[in-house]
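S.K.: Structure file model19.pdb (PDB, C-alpha atoms and all ligand atoms) right here:
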```pdb
ATOM      1  CA  ILE A 169      86.087 120.748  54.985
ATOM      2  CA  ARG A 170      83.886 122.565  52.474
ATOM      3  CA  TYR A 171      85.138 125.883  53.779
ATOM      4  CA  HIS A 172      88.752 124.847  53.490
ATOM      5  CA  GLU A 173      88.313 123.393  50.040
ATOM      6  CA  PHE A 174      89.277 126.468  48.101
ATOM      7  CA  ARG A 175      91.760 127.837  50.582
ATOM      8  CA  LEU A 176      95.265 126.681  49.949
ATOM      9  CA  VAL A 177      96.913 127.401  53.262
ATOM     10  CA  ALA A 178     100.650 126.776  53.051
ATOM     11  CA  PRO A 179     102.679 125.817  56.089
ATOM     12  CA  GLU A 180     105.034 128.512  57.336
ATOM     13  CA  ASN A 181     108.765 128.062  56.832
ATOM     14  CA  LEU A 182     108.443 125.645  53.951
ATOM     15  CA  ALA A 183     111.294 126.154  51.508
ATOM     16  CA  TYR A 184     110.645 125.250  47.888
ATOM     17  CA  LYS A 185     111.804 126.152  44.422
ATOM     18  CA  GLN A 186     110.694 129.520  43.085
ATOM     19  CA  PRO A 187     107.827 129.131  40.618
ATOM     20  CA  SER A 188     107.845 130.869  37.256
ATOM     21  CA  ILE A 189     105.153 131.931  34.824
ATOM     22  CA  VAL A 190     107.492 131.980  31.845
ATOM     23  CA  HIS A 191     109.555 128.851  32.289
ATOM     24  CA  GLY A 192     108.033 125.437  32.687
ATOM     25  CA  ARG A 193     107.210 122.427  30.623
ATOM     26  CA  SER A 194     106.896 123.400  26.989
ATOM     27  CA  ASP A 195     106.494 119.933  25.493
ATOM     28  CA  VAL A 196     102.989 119.370  26.848
ATOM     29  CA  VAL A 197      99.800 121.325  27.484
ATOM     30  CA  THR A 198      99.216 121.867  31.196
ATOM     31  CA  VAL A 199      95.815 123.506  31.214
ATOM     32  CA  THR A 200      92.507 122.651  29.493
ATOM     33  CA  PRO A 201      90.460 125.216  27.532
ATOM     34  CA  TRP A 202      88.164 125.431  30.588
ATOM     35  CA  LEU A 203      91.209 126.195  32.740
ATOM     36  CA  ALA A 204      91.547 122.960  34.645
ATOM     37  CA  PRO A 205      95.122 121.904  35.381
ATOM     38  CA  ILE A 206      96.524 118.949  33.443
ATOM     39  CA  VAL A 207      98.933 117.228  35.809
ATOM     40  CA  TRP A 208     102.288 116.190  34.354
ATOM     41  CA  GLU A 209     105.563 115.490  36.105
ATOM     42  CA  GLY A 210     107.404 118.778  36.591
ATOM     43  CA  THR A 211     104.280 120.947  36.921
ATOM     44  CA  PHE A 212     103.900 120.701  40.697
ATOM     45  CA  GLN A 213     105.969 120.569  43.843
ATOM     46  CA  PRO A 214     105.039 117.519  45.928
ATOM     47  CA  ALA A 215     106.299 118.836  49.265
ATOM     48  CA  LEU A 216     104.323 122.056  48.867
ATOM     49  CA  LEU A 217     101.088 120.239  48.030
ATOM     50  CA  ASP A 218     101.571 117.727  50.828
ATOM     51  CA  GLY A 219     102.246 120.626  53.198
ATOM     52  CA  ILE A 220      98.947 122.225  52.208
ATOM     53  CA  PHE A 221      96.888 119.032  52.570
ATOM     54  CA  LYS A 222      98.553 117.461  55.596
ATOM     55  CA  PRO A 223      97.012 119.711  58.270
ATOM     56  CA  ARG A 224      93.525 119.000  56.924
ATOM     57  CA  ASN A 225      93.821 115.372  58.016
ATOM     58  CA  ILE A 226      91.908 114.192  54.971
ATOM     59  CA  THR A 227      90.991 110.593  54.208
ATOM     60  CA  ILE A 228      91.173 109.226  50.695
ATOM     61  CA  ALA A 229      89.126 106.174  49.725
ATOM     62  CA  ALA A 230      90.018 103.900  46.842
ATOM     63  CA  THR A 231      87.775 101.261  45.326
ATOM     64  CA  VAL A 232      89.092  98.255  43.488
ATOM     65  CA  PHE A 233      87.209  95.264  42.062
ATOM     66  CA  ALA A 234      88.740  91.806  42.106
ATOM     67  CA  VAL A 235      86.106  89.431  40.808
ATOM     68  CA  GLY A 236      86.749  85.942  39.456
ATOM     69  CA  LYS A 237      90.241  85.426  38.108
ATOM     70  CA  TYR A 238      91.119  89.083  38.599
ATOM     71  CA  ILE A 239      91.794  88.276  42.250
ATOM     72  CA  ARG A 240      95.311  87.340  41.137
ATOM     73  CA  PHE A 241      96.142  90.994  40.464
ATOM     74  CA  LEU A 242      95.197  92.188  43.928
ATOM     75  CA  LYS A 243      98.439  91.457  45.754
ATOM     76  CA  ASP A 244     100.655  93.558  43.493
ATOM     77  CA  PHE A 245      98.039  96.298  43.386
ATOM     78  CA  LEU A 246      97.865  96.526  47.179
ATOM     79  CA  GLU A 247     101.602  96.187  47.780
ATOM     80  CA  THR A 248     102.500  98.890  45.299
ATOM     81  CA  ALA A 249      99.686 101.172  46.562
ATOM     82  CA  GLU A 250     101.319 100.942  49.952
ATOM     83  CA  GLN A 251     104.565 102.244  48.433
ATOM     84  CA  HIS A 252     103.208 105.001  46.192
ATOM     85  CA  PHE A 253      99.536 105.922  46.699
ATOM     86  CA  PHE A 254      99.077 108.827  49.121
ATOM     87  CA  VAL A 255     101.945 107.765  51.334
ATOM     88  CA  GLY A 256     101.652 109.444  54.735
ATOM     89  CA  PHE A 257      97.901 110.078  54.413
ATOM     90  CA  ASN A 258      94.795 108.280  55.665
ATOM     91  CA  VAL A 259      93.807 105.801  52.974
ATOM     92  CA  HIS A 260      90.868 103.385  53.067
ATOM     93  CA  ILE A 261      90.899 100.780  50.330
ATOM     94  CA  TYR A 262      87.595  99.065  49.557
ATOM     95  CA  VAL A 263      88.085  95.740  47.832
ATOM     96  CA  PHE A 264      85.006  94.356  46.083
ATOM     97  CA  THR A 265      85.344  90.641  45.586
ATOM     98  CA  ASP A 266      83.462  87.361  45.312
ATOM     99  CA  GLN A 267      86.294  85.492  47.095
ATOM    100  CA  GLN A 268      87.066  87.118  50.414
ATOM    101  CA  ASP A 269      89.128  84.132  51.549
ATOM    102  CA  GLN A 270      91.552  84.669  48.669
ATOM    103  CA  VAL A 271      92.370  88.268  49.533
ATOM    104  CA  PRO A 272      96.111  88.425  50.262
ATOM    105  CA  TYR A 273      97.438  89.838  53.503
ATOM    106  CA  VAL A 274      99.353  93.026  52.889
ATOM    107  CA  LYS A 275     100.809  94.940  55.787
ATOM    108  CA  MET A 276      99.595  98.516  55.821
ATOM    109  CA  ALA A 277     101.053 101.589  57.508
ATOM    110  CA  ALA A 278      99.288 103.455  60.315
ATOM    111  CA  GLY A 279      96.278 105.401  59.061
ATOM    112  CA  ARG A 280      95.725 102.983  56.187
ATOM    113  CA  LYS A 281      93.201 100.160  56.114
ATOM    114  CA  LEU A 282      91.522  97.654  53.886
ATOM    115  CA  GLU A 283      87.825  96.787  53.876
ATOM    116  CA  LEU A 284      86.218  93.931  52.026
ATOM    117  CA  CYS A 285      82.866  94.232  50.273
ATOM    118  CA  SER A 286      81.179  91.254  48.728
ATOM    119  CA  VAL A 287      79.905  91.172  45.177
ATOM    120  CA  PRO A 288      78.173  88.334  43.371
ATOM    121  CA  SER A 289      80.178  86.417  40.782
ATOM    122  CA  SER A 290      79.208  87.013  37.196
ATOM    123  CA  ASN A 291      79.560  85.135  33.988
ATOM    124  CA  ARG A 292      80.002  88.190  31.833
ATOM    125  CA  TRP A 293      83.050  90.396  32.261
ATOM    126  CA  GLN A 294      81.105  93.306  30.798
ATOM    127  CA  GLU A 295      78.683  92.959  33.690
ATOM    128  CA  ILE A 296      81.446  93.070  36.294
ATOM    129  CA  SER A 297      83.064  96.114  34.769
ATOM    130  CA  ALA A 298      79.765  97.938  34.265
ATOM    131  CA  ARG A 299      78.188  97.223  37.644
ATOM    132  CA  ARG A 300      81.065  99.004  39.341
ATOM    133  CA  MET A 301      79.220 102.330  39.024
ATOM    134  CA  GLU A 302      76.213 101.033  40.942
ATOM    135  CA  LEU A 303      78.378  99.561  43.689
ATOM    136  CA  ILE A 304      80.432 102.740  43.993
ATOM    137  CA  GLN A 305      77.229 104.796  44.254
ATOM    138  CA  VAL A 306      75.881 102.570  47.017
ATOM    139  CA  LEU A 307      79.228 102.451  48.863
ATOM    140  CA  ILE A 308      79.320 106.247  48.969
ATOM    141  CA  GLU A 309      75.723 106.489  50.174
ATOM    142  CA  GLU A 310      75.958 103.784  52.810
ATOM    143  CA  LYS A 311      79.490 103.924  54.133
ATOM    144  CA  LEU A 312      81.623 106.827  53.120
ATOM    145  CA  GLN A 313      79.545 109.921  53.535
ATOM    146  CA  ASN A 314      80.903 111.136  56.845
ATOM    147  CA  ASN A 315      84.294 109.444  56.869
ATOM    148  CA  VAL A 316      86.025 110.308  53.658
ATOM    149  CA  GLU A 317      86.728 113.468  51.647
ATOM    150  CA  TYR A 318      88.071 112.099  48.359
ATOM    151  CA  ILE A 319      87.695 108.865  46.437
ATOM    152  CA  PHE A 320      89.506 107.218  43.510
ATOM    153  CA  CYS A 321      88.130 104.242  41.599
ATOM    154  CA  LEU A 322      90.871 102.104  40.100
ATOM    155  CA  ASP A 323      91.332  99.003  37.945
ATOM    156  CA  VAL A 324      92.886  96.057  39.788
ATOM    157  CA  ASP A 325      94.972  94.741  36.903
ATOM    158  CA  SER A 326      97.465  97.520  37.478
ATOM    159  CA  LYS A 327     100.431  98.509  39.614
ATOM    160  CA  PHE A 328     101.853 101.706  41.032
ATOM    161  CA  HIS A 329     105.420 102.571  40.057
ATOM    162  CA  GLY A 330     105.707 106.187  41.189
ATOM    163  CA  ARG A 331     104.079 108.787  43.368
ATOM    164  CA  TRP A 332     100.310 109.266  43.115
ATOM    165  CA  GLY A 333      99.453 111.836  45.761
ATOM    166  CA  THR A 334      97.898 115.175  46.682
ATOM    167  CA  GLU A 335      98.613 116.682  43.264
ATOM    168  CA  SER A 336      95.760 114.495  41.964
ATOM    169  CA  LEU A 337      93.112 115.887  44.320
ATOM    170  CA  GLY A 338      90.277 117.911  42.870
ATOM    171  CA  GLY A 339      86.498 118.170  42.555
ATOM    172  CA  LEU A 340      86.057 115.866  39.559
ATOM    173  CA  VAL A 341      89.213 114.136  38.383
ATOM    174  CA  ALA A 342      89.717 112.236  35.121
ATOM    175  CA  VAL A 343      92.749 110.517  33.618
ATOM    176  CA  VAL A 344      93.535 110.862  29.922
ATOM    177  CA  HIS A 345      93.748 107.420  28.308
ATOM    178  CA  PRO A 346      97.276 106.528  27.177
ATOM    179  CA  GLY A 347      96.079 104.987  23.942
ATOM    180  CA  TYR A 348      94.487 107.940  22.183
ATOM    181  CA  TYR A 349      95.921 111.233  23.393
ATOM    182  CA  ARG A 350      97.797 112.010  20.220
ATOM    183  CA  ASP A 351      94.820 111.171  18.001
ATOM    184  CA  ASP A 352      92.133 113.254  16.402
ATOM    185  CA  ARG A 353      88.856 113.079  18.338
ATOM    186  CA  SER A 354      87.180 111.351  15.391
ATOM    187  CA  ARG A 355      89.257 108.287  16.285
ATOM    188  CA  PHE A 356      88.293 108.189  19.972
ATOM    189  CA  PRO A 357      86.316 105.012  20.738
ATOM    190  CA  TYR A 358      83.287 106.883  22.087
ATOM    191  CA  GLU A 359      79.869 105.294  21.797
ATOM    192  CA  ARG A 360      78.619 106.395  18.369
ATOM    193  CA  ARG A 361      75.050 105.089  18.318
ATOM    194  CA  PRO A 362      72.660 107.994  19.018
ATOM    195  CA  GLN A 363      70.209 105.597  20.726
ATOM    196  CA  SER A 364      72.701 105.104  23.557
ATOM    197  CA  ARG A 365      72.847 107.472  26.515
ATOM    198  CA  ALA A 366      76.632 107.307  26.200
ATOM    199  CA  TYR A 367      76.490 108.828  22.706
ATOM    200  CA  VAL A 368      79.107 111.400  21.769
ATOM    201  CA  ALA A 369      78.491 113.033  18.390
ATOM    202  CA  PRO A 370      81.166 113.454  15.735
ATOM    203  CA  GLY A 371      82.971 116.732  16.308
ATOM    204  CA  GLU A 372      82.410 116.506  20.067
ATOM    205  CA  GLY A 373      84.632 115.333  22.931
ATOM    206  CA  ASP A 374      87.660 116.866  24.611
ATOM    207  CA  PHE A 375      89.899 113.919  25.480
ATOM    208  CA  TYR A 376      89.355 110.181  25.716
ATOM    209  CA  TYR A 377      89.401 109.340  29.405
ATOM    210  CA  CYS A 378      90.135 106.029  31.143
ATOM    211  CA  GLY A 379      87.446 103.949  32.777
ATOM    212  CA  GLY A 380      90.241 102.439  34.850
ATOM    213  CA  ALA A 381      90.936 105.472  37.036
ATOM    214  CA  PHE A 382      88.801 108.445  38.046
ATOM    215  CA  GLY A 383      87.922 110.210  41.243
ATOM    216  CA  GLY A 384      87.501 113.446  43.143
ATOM    217  CA  LEU A 385      85.412 114.798  45.969
ATOM    218  CA  LEU A 386      82.908 112.316  47.333
ATOM    219  CA  LYS A 387      79.831 114.169  46.182
ATOM    220  CA  GLU A 388      81.177 114.670  42.659
ATOM    221  CA  VAL A 389      82.016 110.992  42.253
ATOM    222  CA  HIS A 390      78.627 110.088  43.694
ATOM    223  CA  GLN A 391      76.918 112.197  41.036
ATOM    224  CA  LEU A 392      79.062 110.630  38.318
ATOM    225  CA  ALA A 393      78.463 107.052  39.475
ATOM    226  CA  LYS A 394      74.729 107.604  39.857
ATOM    227  CA  THR A 395      74.383 109.189  36.428
ATOM    228  CA  CYS A 396      76.480 106.543  34.667
ATOM    229  CA  ARG A 397      74.576 103.785  36.418
ATOM    230  CA  THR A 398      71.183 105.228  35.436
ATOM    231  CA  ASN A 399      72.265 105.743  31.846
ATOM    232  CA  PHE A 400      73.729 102.251  31.665
ATOM    233  CA  GLU A 401      70.461 100.784  32.943
ATOM    234  CA  GLU A 402      68.367 102.883  30.563
ATOM    235  CA  ASP A 403      70.480 101.558  27.694
ATOM    236  CA  ALA A 404      70.096  97.995  28.946
ATOM    237  CA  LYS A 405      66.293  98.350  28.915
ATOM    238  CA  LYS A 406      66.582  99.153  25.208
ATOM    239  CA  GLY A 407      68.961  96.275  24.644
ATOM    240  CA  ILE A 408      72.017  98.484  24.138
ATOM    241  CA  GLU A 409      75.422  98.037  25.758
ATOM    242  CA  ALA A 410      77.862 100.857  25.053
ATOM    243  CA  ASN A 411      80.968  99.679  23.214
ATOM    244  CA  TRP A 412      83.285 100.269  26.193
ATOM    245  CA  GLN A 413      80.667  99.753  28.889
ATOM    246  CA  GLU A 414      81.014 102.204  31.792
ATOM    247  CA  GLU A 415      84.074 103.804  30.203
ATOM    248  CA  SER A 416      81.778 105.041  27.406
ATOM    249  CA  HIS A 417      79.302 106.439  29.935
ATOM    250  CA  LEU A 418      82.114 108.088  31.871
ATOM    251  CA  ASN A 419      83.342 109.762  28.698
ATOM    252  CA  ARG A 420      79.875 111.064  27.941
ATOM    253  CA  TYR A 421      79.609 112.380  31.517
ATOM    254  CA  MET A 422      82.976 114.145  31.369
ATOM    255  CA  TRP A 423      82.088 115.813  28.072
ATOM    256  CA  ILE A 424      79.110 117.489  29.743
ATOM    257  CA  ASN A 425      80.586 117.838  33.242
ATOM    258  CA  LYS A 426      84.127 119.020  32.639
ATOM    259  CA  PRO A 427      86.641 117.605  35.093
ATOM    260  CA  SER A 428      88.178 120.216  37.376
ATOM    261  CA  LYS A 429      91.492 118.384  37.246
ATOM    262  CA  VAL A 430      92.844 116.263  34.430
ATOM    263  CA  LEU A 431      95.604 113.752  35.084
ATOM    264  CA  SER A 432      98.037 113.010  32.267
ATOM    265  CA  PRO A 433      98.577 109.442  31.026
ATOM    266  CA  GLU A 434     101.388 109.190  33.611
ATOM    267  CA  TYR A 435      98.500 108.234  35.910
ATOM    268  CA  LEU A 436      97.429 105.232  33.850
ATOM    269  CA  TRP A 437      99.905 103.901  31.349
ATOM    270  CA  GLN A 438      99.804 100.423  29.815
ATOM    271  CA  ASP A 439     102.737  98.079  30.222
ATOM    272  CA  PHE A 440     102.643  96.942  26.606
ATOM    273  CA  LYS A 441     103.211 100.506  25.366
ATOM    274  CA  PRO A 442     106.733 101.914  25.211
ATOM    275  CA  ARG A 443     106.961 105.108  27.265
ATOM    276  CA  ASN A 444     106.520 108.250  25.176
ATOM    277  CA  PRO A 445     109.082 111.043  25.763
ATOM    278  CA  GLU A 446     106.568 113.475  27.315
ATOM    279  CA  VAL A 447     105.774 110.952  30.031
ATOM    280  CA  GLY A 448     108.172 112.028  32.773
ATOM    281  CA  ILE A 449     107.319 109.125  35.028
ATOM    282  CA  ILE A 450     104.905 106.236  34.877
ATOM    283  CA  ARG A 451     102.998 106.383  38.150
ATOM    284  CA  PHE A 452     100.397 103.682  37.593
ATOM    285  CA  SER A 453      99.997 101.265  34.714
ATOM    286  CA  GLY A 454      97.904  98.374  33.517
ATOM    287  CA  VAL A 455      99.710  95.044  33.462
ATOM    288  CA  ILE A 456      99.795  92.862  30.382
ATOM    289  CA  LYS A 457      97.069  90.263  30.587
ATOM    290  CA  ASN A 458      95.784  87.430  28.506
ATOM    291  CA  TYR A 459      92.130  88.312  28.000
ATOM    292  CA  ALA A 460      91.228  84.859  26.724
ATOM    293  CA  GLU A 461      92.559  83.288  29.870
ATOM    294  CA  ILE A 462      91.301  85.615  32.609
ATOM    295  CA  ARG A 463      87.837  86.636  31.507
ATOM    296  CA  PRO A 464      84.925  84.395  32.477
ATOM    297  CA  ASN A 465      83.876  83.957  28.835
TER
HETATM  298  C1  LIG B 501      89.085  99.092  29.871
HETATM  299  C2  LIG B 501      89.219 100.042  31.046
HETATM  300  C3  LIG B 501      88.383  99.518  32.204
HETATM  301  C4  LIG B 501      86.940  99.401  31.785
HETATM  302  C5  LIG B 501      86.824  98.529  30.556
HETATM  303  C6  LIG B 501      85.422  98.623  30.010
HETATM  304  C7  LIG B 501      91.339 101.269  31.399
HETATM  305  C8  LIG B 501      92.792 101.120  31.563
HETATM  306  N1  LIG B 501      90.622 100.128  31.411
HETATM  307  O1  LIG B 501      89.883  97.966  30.262
HETATM  308  O2  LIG B 501      88.463 100.349  33.314
HETATM  309  O3  LIG B 501      86.429 100.689  31.526
HETATM  310  O4  LIG B 501      87.722  98.894  29.511
HETATM  311  O5  LIG B 501      85.015  97.440  29.492
HETATM  312  O6  LIG B 501      90.846 102.359  31.300
HETATM  313  N2  LIG B 501      87.022  92.952  36.609
HETATM  314  C9  LIG B 501      87.046  91.883  37.506
HETATM  315  N3  LIG B 501      86.805  90.625  37.036
HETATM  316  C10 LIG B 501      86.541  90.367  35.716
HETATM  317  C11 LIG B 501      86.510  91.457  34.811
HETATM  318  C12 LIG B 501      86.766  92.736  35.286
HETATM  319  O7  LIG B 501      87.288  92.069  38.696
HETATM  320  O8  LIG B 501      86.349  89.200  35.368
HETATM  321  C13 LIG B 501      87.262  94.324  37.116
HETATM  322  C14 LIG B 501      88.735  94.529  37.444
HETATM  323  O9  LIG B 501      88.841  95.447  38.524
HETATM  324  C15 LIG B 501      89.267  95.175  36.168
HETATM  325  C16 LIG B 501      88.067  96.036  35.747
HETATM  326  O10 LIG B 501      86.913  95.289  36.135
HETATM  327  O11 LIG B 501      90.433  95.925  36.421
HETATM  328  C17 LIG B 501      88.020  96.389  34.256
HETATM  329  O12 LIG B 501      88.020  95.234  33.447
HETATM  330  P1  LIG B 501      89.201  94.955  32.429
HETATM  331  O13 LIG B 501      90.498  95.308  33.091
HETATM  332  O14 LIG B 501      89.077  93.609  31.879
HETATM  333  O15 LIG B 501      88.900  95.987  31.294
HETATM  334  P2  LIG B 501      89.910  96.448  30.115
HETATM  335  O16 LIG B 501      91.290  96.020  30.426
HETATM  336  O17 LIG B 501      89.337  96.075  28.799
END
```
Would you mind writing the file out in structure tokens?
Ligand code: UD2
M.R.:
Amino acid sequence: IRYHEFRLVAPENLAYKQPSIVHGRSDVVTVTPWLAPIVWEGTFQPALLDGIFKPRNITIAATVFAVGKYIRFLKDFLETAEQHFFVGFNVHIYVFTDQQDQVPYVKMAAGRKLELCSVPSSNRWQEISARRMELIQVLIEEKLQNNVEYIFCLDVDSKFHGRWGTESLGGLVAVVHPGYYRDDRSRFPYERRPQSRAYVAPGEGDFYYCGGAFGGLLKEVHQLAKTCRTNFEEDAKKGIEANWQEESHLNRYMWINKPSKVLSPEYLWQDFKPRNPEVGIIRFSGVIKNYAEIRPN
């Protein structure tokens, strides 16, 4: 797999639209200053990418946490994943929950499976959100190492509406948050206290990335999860909790370790936001939720 990683072997006899280096999307930026692609609708050809990845017989893992009242979001998440998330590929979904008996039955296609992992209940939502990094790290170490090539870690209070597939694969993959991408970096909600290991100084930061979706090659995500977990725990020892918990740590990590692929906000929109014109298609989005009602406190 390592050897094949950087070889894009196309299937013979695959007809697809001629690419151009002068005509393409001109309303958005499609490459970062460190030359990572920024994936927007219209920048890739799905059949070509699928044709390249199909013969590799890769397996993609996804983690999703459904703790406490968030279990109610799981059914829609799983049903829509079945329709849009790596259709035709091997997909293993790991559901972390404190209520295994409440997990809905969703019929899955051949090559796709669900596995349940138990997590303790918690009285603080911040704890649930933040401990995900530790559990992802341990899952990779104990279960995934020889079975899976790529992994995505996703929020459960969301649904798929359009294709999310091989175009999203890369070493370290981050999604640009839909709420801040037109703003100046001074307005990004990074952690601003220098005592925190999630600190991002004024004048620093590329984009504001989502905590609700990230991924990449197994070993890259392992490194990310391990680092964010350690930094989160170091902060906790000093009595600090970053303002957006693990999302703040993820943003710090991605500032230092530039993602090799950046997904546009098409890959995590928010249902309460009207669609902006540059968003060709909403692929995945967070549902509207009543925080007061669903969080443990
Ligand atoms: C943002 C991020 C989220 C996380 C959080 C940090 C996006 C779209 N969302 O969303 O990923 O970084 O800020 O605080 O980027 N969960 C449970 N049970 C609970 C609470 C949380 O299972 O009682 C899980 C669940 O999978 C949920 C995730 O943790 O999707 C994130 O929690 P959230 O959705 O309440 O966080 P939110 O919407 O403030």
S.K.: Kindly assemble as JSON lines a list of the range 267-335 of chain A residues that lie within 9 Å of range 396-420 of chain A, each paired with its nearest atom pair and their distance in Å to one decimal, using only C-alpha atoms, sorted first by chain and then by ascending residue number.
M.R.:
```
{"residue": "A:Gln294", "atom": "CA", "partner": "A:Gln413", "partner_atom": "CA", "distance": 6.7}
{"residue": "A:Glu295", "atom": "CA", "partner": "A:Gln413", "partner_atom": "CA", "distance": 8.6}
{"residue": "A:Ser297", "atom": "CA", "partner": "A:Glu414", "partner_atom": "CA", "distance": 7.1}
{"residue": "A:Ala298", "atom": "CA", "partner": "A:Glu414", "partner_atom": "CA", "distance": 5.1}
{"residue": "A:Arg299", "atom": "CA", "partner": "A:Arg397", "partner_atom": "CA", "distance": 7.6}
{"residue": "A:Arg300", "atom": "CA", "partner": "A:Glu414", "partner_atom": "CA", "distance": 8.2}
{"residue": "A:Met301", "atom": "CA", "partner": "A:Arg397", "partner_atom": "CA", "distance": 5.5}
{"residue": "A:Glu302", "atom": "CA", "partner": "A:Arg397", "partner_atom": "CA", "distance": 5.5}
{"residue": "A:Gln305", "atom": "CA", "partner": "A:Arg397", "partner_atom": "CA", "distance": 8.3}
```
S.K.: Can you write out the residues you just picked, keeping C-alpha atoms, as a compact mmCIF listing (two decimals), in the frame of the given file?
M.R.:
```
# COMPACT_ATOMS: atom_id res chain seq x y z
CA GLN A 294 81.10 93.31 30.80
CA GLU A 295 78.68 92.96 33.69
CA SER A 297 83.06 96.11 34.77
CA ALA A 298 79.76 97.94 34.26
CA ARG A 299 78.19 97.22 37.64
CA ARG A 300 81.06 99.00 39.34
CA MET A 301 79.22 102.33 39.02
CA GLU A 302 76.21 101.03 40.94
CA GLN A 305 77.23 104.80 44.25
```
S.K.: Do you know which residues are within 6 Å of ligand LIG 501 (chain B) using only C-alpha atoms and all ligand atoms? Can you write them as a compact mmCIF listing (two decimals) with C-alpha atoms, in the coordinates of the input?
M.R.:
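Below is the file result-v1.txt, written as the result:
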```
# COMPACT_ATOMS: atom_id res chain seq x y z
CA VAL A 232 89.09 98.26 43.49
CA PHE A 233 87.21 95.26 42.06
CA ALA A 234 88.74 91.81 42.11
CA VAL A 235 86.11 89.43 40.81
CA GLY A 236 86.75 85.94 39.46
CA TYR A 238 91.12 89.08 38.60
CA TRP A 293 83.05 90.40 32.26
CA GLN A 294 81.10 93.31 30.80
CA ILE A 296 81.45 93.07 36.29
CA SER A 297 83.06 96.11 34.77
CA ASP A 323 91.33 99.00 37.94
CA VAL A 324 92.89 96.06 39.79
CA ASP A 325 94.97 94.74 36.90
CA CYS A 378 90.14 106.03 31.14
CA GLY A 379 87.45 103.95 32.78
CA GLY A 380 90.24 102.44 34.85
CA TRP A 412 83.28 100.27 26.19
CA GLN A 413 80.67 99.75 28.89
CA GLU A 414 81.01 102.20 31.79
CA GLU A 415 84.07 103.80 30.20
CA ARG A 463 87.84 86.64 31.51
CA PRO A 464 84.92 84.40 32.48
```
S.K.: Assuming the chain letters and numbering stay as they are in my file, what does the PyMOL selection byres (((chain A and resi 319) around 8) and not hetatm) actually select? List them as a PyMOL selection string.
M.R.: chain A and resi 228-231+316-318+320-321+383-386+389
S.K.: Next, dump the selected residues to file, keeping only C-alpha atoms, as a PDB file, keeping the file's coordinate frame.
M.R.:
```pdb
ATOM      1  CA  ILE A 228      91.173 109.226  50.695  1.00  0.00           C
ATOM      2  CA  ALA A 229      89.126 106.174  49.725  1.00  0.00           C
ATOM      3  CA  ALA A 230      90.018 103.900  46.842  1.00  0.00           C
ATOM      4  CA  THR A 231      87.775 101.261  45.326  1.00  0.00           C
ATOM      5  CA  VAL A 316      86.025 110.308  53.658  1.00  0.00           C
ATOM      6  CA  GLU A 317      86.728 113.468  51.647  1.00  0.00           C
ATOM      7  CA  TYR A 318      88.071 112.099  48.359  1.00  0.00           C
ATOM      8  CA  PHE A 320      89.506 107.218  43.510  1.00  0.00           C
ATOM      9  CA  CYS A 321      88.130 104.242  41.599  1.00  0.00           C
ATOM     10  CA  GLY A 383      87.922 110.210  41.243  1.00  0.00           C
ATOM     11  CA  GLY A 384      87.501 113.446  43.143  1.00  0.00           C
ATOM     12  CA  LEU A 385      85.412 114.798  45.969  1.00  0.00           C
ATOM     13  CA  LEU A 386      82.908 112.316  47.333  1.00  0.00           C
ATOM     14  CA  VAL A 389      82.016 110.992  42.253  1.00  0.00           C
TER      15      VAL A 389
END
```
S.K.: Which residues fall under the PyMOL selection byres (((chain A and resi 449) around 9) and not hetatm) in this file, as a ChimeraX atom specification?
M.R.: /A:208-209,329-331,434-435,443,446-448,450-451
S.K.: What does the PyMOL selection byres (((chain A and resi 193) around 12) and not hetatm) select in this file, as a PyMOL selection string?
M.R.: chain A and resi 188-192+194-199+206-212+446-448
S.K.: Smallest atom-to-atom distance to Ser432 in chain A: which of A:Thr200, A:Thr265, A:Gln270, A:Gln186, using only C-alpha atoms?
M.R.: A:Thr200
S.K.: Which centre and which edge lengths, in Å to one decimal, describe the axis-aligned box that holds all listed atoms of range 245-259 of chain A after 4 Å is added on each side, as lines of an AutoDock Vina configuration file?
M.R.:
```
center_x = 99.2
center_y = 103.1
center_z = 49.5
size_x = 18.8
size_y = 21.9
size_z = 20.3
```
S.K.: So how far away is CA of Phe254 in chain A from CA of Thr334 in chain A, in Å?
M.R.: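 Calculated distance between CA of Thr334 in chain A and CA of Phe254 in chain A is 6.9 Å.
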S.K.: If you measure from CA of Ala277 in chain A to CA of Ser453 in chain A, what distance in Å do you get, rounded to one decimal?
M.R.: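 Taking CA of Ala277 in chain A and CA of Ser453 in chain A, their separation equals 22.8 Å.
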S.K.: Of the candidates A:Ile456, A:Ile239, A:Ile308, A:Val255, which shows the shortest atom-to-atom distance to Val271 in chain A, using all atoms listed in the file?
M.R.: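 Using all atoms listed in the file, Val271 in chain A sits closest to A:Ile239.
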S.K.: What is the CA of Phe241 in chain A to CA of Lys275 in chain A distance in Å?
M.R.: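 So the answer is 16.5 Å.
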S.K.: Within 10 Å of Gly373 in chain A, counting all atoms listed in the file, which residues show up once you throw out same-chain ones fewer than 2 positions away? Write them as a list in words, please.
M.R.: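 Neighbouring residues, sequence-local ones excluded: Arg353, Ser354, Phe356, Tyr358, Val368, Ala369, Pro370, Gly371, Phe375, Tyr376, Asn419, Arg420, Met422, Trp423 and Ile424 of chain A.
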